[in-house]
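Engineer: input17.tsv (TSV, C-alpha atoms) pasted underneath:
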chain	number	residue	atom	x	y	z
A	163	ALA	CA	26.41	39.21	42.79
A	164	PRO	CA	23.45	37.96	40.74
A	165	SER	CA	20.52	36.68	42.72
A	166	SER	CA	19.95	32.94	42.94
A	167	ALA	CA	16.68	33.33	41.00
A	168	VAL	CA	18.55	34.83	38.04
A	169	VAL	CA	21.21	32.10	38.11
A	170	GLU	CA	18.52	29.42	38.34
A	171	GLY	CA	16.65	31.00	35.41
A	172	VAL	CA	19.75	31.07	33.19
A	173	GLU	CA	20.57	27.43	34.06
A	174	LEU	CA	16.99	26.38	33.26
A	175	THR	CA	17.15	28.20	29.92
A	176	GLU	CA	20.47	26.50	29.09
A	177	ARG	CA	19.07	23.04	29.92
A	178	SER	CA	15.97	23.76	27.84
A	179	LEU	CA	18.05	24.90	24.85
A	180	LEU	CA	20.39	21.89	25.05
A	181	SER	CA	17.44	19.50	25.25
A	182	ALA	CA	15.87	21.13	22.16
A	183	LEU	CA	19.16	20.77	20.29
A	184	GLU	CA	19.47	17.10	21.34
A	185	ARG	CA	16.00	16.37	19.96
A	186	HIS	CA	17.37	17.42	16.56
A	187	GLY	CA	20.56	15.35	16.86
A	188	ILE	CA	22.88	18.14	18.04
A	189	GLU	CA	24.99	17.23	21.06
A	190	ARG	CA	27.72	18.96	23.04
A	191	GLN	CA	31.07	17.15	22.85
A	192	ALA	CA	32.17	15.66	26.15
A	193	ILE	CA	35.87	16.57	26.42
A	194	SER	CA	37.90	16.20	29.58
A	195	GLN	CA	41.39	17.28	30.56
A	196	GLY	CA	43.90	14.66	29.45
A	197	ALA	CA	41.91	13.55	26.39
A	198	THR	CA	43.94	13.14	23.20
A	199	PHE	CA	43.82	16.06	20.77
A	200	ASP	CA	41.94	15.17	17.57
A	201	PRO	CA	42.33	17.75	14.78
A	202	GLN	CA	39.06	16.53	13.22
A	203	ALA	CA	37.06	17.43	16.35
A	204	HIS	CA	39.20	20.04	18.13
A	205	GLU	CA	40.67	23.42	17.28
A	206	ALA	CA	43.96	24.11	19.05
A	207	VAL	CA	44.01	27.75	20.10
A	208	ARG	CA	47.16	27.56	22.20
A	209	ARG	CA	49.96	25.21	23.28
A	210	VAL	CA	51.31	25.26	26.80
A	211	GLU	CA	54.09	23.44	28.61
A	212	GLU	CA	52.33	21.03	30.92
A	213	PRO	CA	54.61	18.65	32.87
A	214	LEU	CA	51.72	16.55	34.19
A	215	LEU	CA	50.29	15.75	30.73
A	216	ASN	CA	51.81	14.10	27.67
A	217	SER	CA	52.33	16.11	24.51
A	218	GLY	CA	49.17	16.15	22.44
A	219	GLN	CA	46.77	15.87	25.35
A	220	ILE	CA	44.12	18.50	26.04
A	221	SER	CA	45.00	20.77	28.93
A	222	GLU	CA	41.94	23.03	28.94
A	223	VAL	CA	38.70	23.54	26.97
A	224	TYR	CA	37.98	27.16	26.02
A	225	ARG	CA	34.76	26.60	24.08
A	226	SER	CA	32.65	23.46	23.80
A	227	GLY	CA	32.19	21.81	20.47
A	228	TYR	CA	29.01	20.35	19.02
A	229	THR	CA	28.22	17.40	16.76
A	230	ILE	CA	25.19	16.63	14.65
A	231	HIS	CA	24.58	12.94	13.99
A	232	ASP	CA	28.27	12.12	14.74
A	233	ARG	CA	29.62	14.87	12.44
A	234	VAL	CA	31.41	17.92	13.83
A	235	LEU	CA	29.18	20.97	13.69
A	236	ARG	CA	31.55	23.23	15.64
A	237	ALA	CA	35.01	22.14	16.75
A	238	ALA	CA	35.84	22.58	20.42
A	239	GLN	CA	38.52	25.20	21.10
A	240	VAL	CA	41.16	23.62	23.31
A	241	VAL	CA	44.59	24.23	24.81
A	242	VAL	CA	47.04	21.45	23.94
A	243	ALA	CA	49.82	20.35	26.28
A	244	MET	CA	53.41	19.98	25.12
A	245	ASN	CA	56.56	18.83	26.84
A	246	PRO	CA	59.68	20.95	26.32
A	247	GLU	CA	62.78	19.42	24.85
A	248	PRO	CA	65.18	18.73	27.75
A	249	ALA	CA	68.28	20.26	26.11
A	250	VAL	CA	66.45	23.32	24.80
A	251	ALA	CA	64.56	23.83	28.07
A	252	ALA	CA	67.81	23.79	30.04
A	253	GLY	CA	69.46	26.23	27.60
A	254	ALA	CA	72.09	23.63	26.72
A	255	LEU	CA	72.59	24.71	23.10
A	256	SER	CA	76.21	25.44	22.35
A	257	SER	CA	77.28	28.22	19.99
A	258	ASN	CA	78.12	25.53	17.38
A	259	ASP	CA	74.55	24.18	17.64
A	260	SER	CA	73.15	27.69	17.16
A	261	ALA	CA	75.35	28.25	14.11
A	262	THR	CA	74.28	24.92	12.62
A	263	ILE	CA	70.62	25.77	13.16
A	264	GLY	CA	71.18	29.12	11.42
A	265	ASN	CA	72.89	27.45	8.44
A	266	VAL	CA	70.12	24.90	8.08
A	267	ALA	CA	67.48	27.65	8.17
A	268	THR	CA	69.35	29.65	5.51
A	269	SER	CA	69.73	26.57	3.30
A	270	ALA	CA	66.07	25.69	3.75
A	271	GLU	CA	65.13	29.19	2.59
A	272	ALA	CA	67.32	28.73	-0.51
A	273	VAL	CA	65.64	25.41	-1.29
A	274	GLN	CA	62.17	26.95	-0.86
A	275	ALA	CA	63.09	29.81	-3.18
A	276	ALA	CA	64.41	27.35	-5.77
A	277	GLU	CA	61.16	25.38	-5.67
A	278	LYS	CA	59.04	28.41	-6.57
A	279	PRO	CA	57.85	28.45	-10.19
A	280	GLY	CA	59.96	30.68	-12.39
A	281	VAL	CA	62.89	30.77	-9.97
A	282	GLY	CA	65.91	28.76	-10.94
A	283	VAL	CA	69.14	27.93	-9.16
A	284	ASP	CA	72.28	27.52	-11.20
A	285	GLY	CA	74.94	24.98	-10.34
A	286	ALA	CA	77.21	27.55	-8.65
A	287	ALA	CA	74.44	28.75	-6.32
A	288	ALA	CA	73.52	25.18	-5.40
A	289	ALA	CA	77.18	24.34	-4.68
A	290	LYS	CA	77.50	27.47	-2.50
A	291	ALA	CA	74.37	26.55	-0.50
A	292	ALA	CA	75.72	23.01	0.05
A	293	ALA	CA	79.13	24.37	1.10
A	294	ASP	CA	77.48	26.79	3.55
A	295	VAL	CA	75.71	23.92	5.30
A	296	GLU	CA	78.91	21.95	5.57
A	297	GLY	CA	80.81	25.00	6.82
A	298	LYS	CA	83.27	25.04	3.91
A	299	PRO	CA	84.25	28.28	2.08
Can I see the file as structure tokens?

Structural biologist:
Amino acid sequence: APSSAVVEGVELTERSLLSALERHGIERQAISQGATFDPQAHEAVRRVEEPLLNSGQISEVYRSGYTIHDRVLRAAQVVVAMNPEPAVAAGALSSNDSATIGNVATSAEAVQAAEKPGVGVDGAAAAKAAADVEGKP
């Protein structure tokens, strides 16, 4: 274990550095657990299921952020809480729900491909994609 003199020296150096930064308008962001995630000031590095927090609240701070004269100099890296969907969390999807999700994903891919420049969809392909979503042959 490091000696108390070494720990005290490192803490003194940190305080001295932070005070020099503050003299030039640079401040460490004060972020606490439960604060609301702000994409302008925070960088989400992970999302975790956190039953005690609401979705979109900060669960943990990985790296402090800094501001200079109220502008973000470095965004804080944070973990953002999320609440699972009750039906999905309980595994309550039926096979019909899974099939519908698959059809929607396939149709969404067809729409994305059709929106690309130089890629066209003729009327027959569009009708087939619509029929696939509705489950008709």

Engineer: What gap, in Å, lies between atom CA of A:Leu179 and atom CA of A:Gly227?

Structural biologist: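 Separation of atom CA of A:Leu179 and atom CA of A:Gly227: 15.1 Å.
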
Engineer: Neighbouring residues of A:Pro201 were defined as those with any atom within 12 Å, considering only C-alpha atoms; residues of the same chain fewer than 3 positions away were excluded. Please report them as a ChimeraX atom specification.

Structural biologist: /A:198,204-207,218-220,234,237-240,242

Engineer: Could the residues in this selection be written to a file with C-alpha atoms, as a CSV table (one decimal), in the frame of the given file?

Structural biologist:
chain,number,residue,atom,x,y,z
A,198,THR,CA,43.9,13.1,23.2
A,204,HIS,CA,39.2,20.0,18.1
A,205,GLU,CA,40.7,23.4,17.3
A,206,ALA,CA,44.0,24.1,19.0
A,207,VAL,CA,44.0,27.8,20.1
A,218,GLY,CA,49.2,16.2,22.4
A,219,GLN,CA,46.8,15.9,25.4
A,220,ILE,CA,44.1,18.5,26.0
A,234,VAL,CA,31.4,17.9,13.8
A,237,ALA,CA,35.0,22.1,16.8
A,238,ALA,CA,35.8,22.6,20.4
A,239,GLN,CA,38.5,25.2,21.1
A,240,VAL,CA,41.2,23.6,23.3
A,242,VAL,CA,47.0,21.4,23.9

Engineer: In Å, with one decimal, what is the gap from atom CA of A:Leu174 to atom CA of A:Val223?

Structural biologist: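 So the two atoms, atom CA of A:Leu174 and atom CA of A:Val223, lie 22.8 Å apart.
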
Engineer: State, in Å with one decimal place, the distance from atom CA of A:Pro164 to atom CA of A:Arg177.

Structural biologist: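 If I compute the distance from atom CA of A:Pro164 to atom CA of A:Arg177, I get 18.9 Å.
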
Engineer: Looking at A:Tyr224, A:His231, A:Arg208, A:Ala167, which one is nearest to A:Ser194, with distances taken over all atoms listed in the file?

Structural biologist: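 Comparing A:Tyr224, A:His231, A:Arg208, A:Ala167 against A:Ser194, the winner is A:Tyr224.
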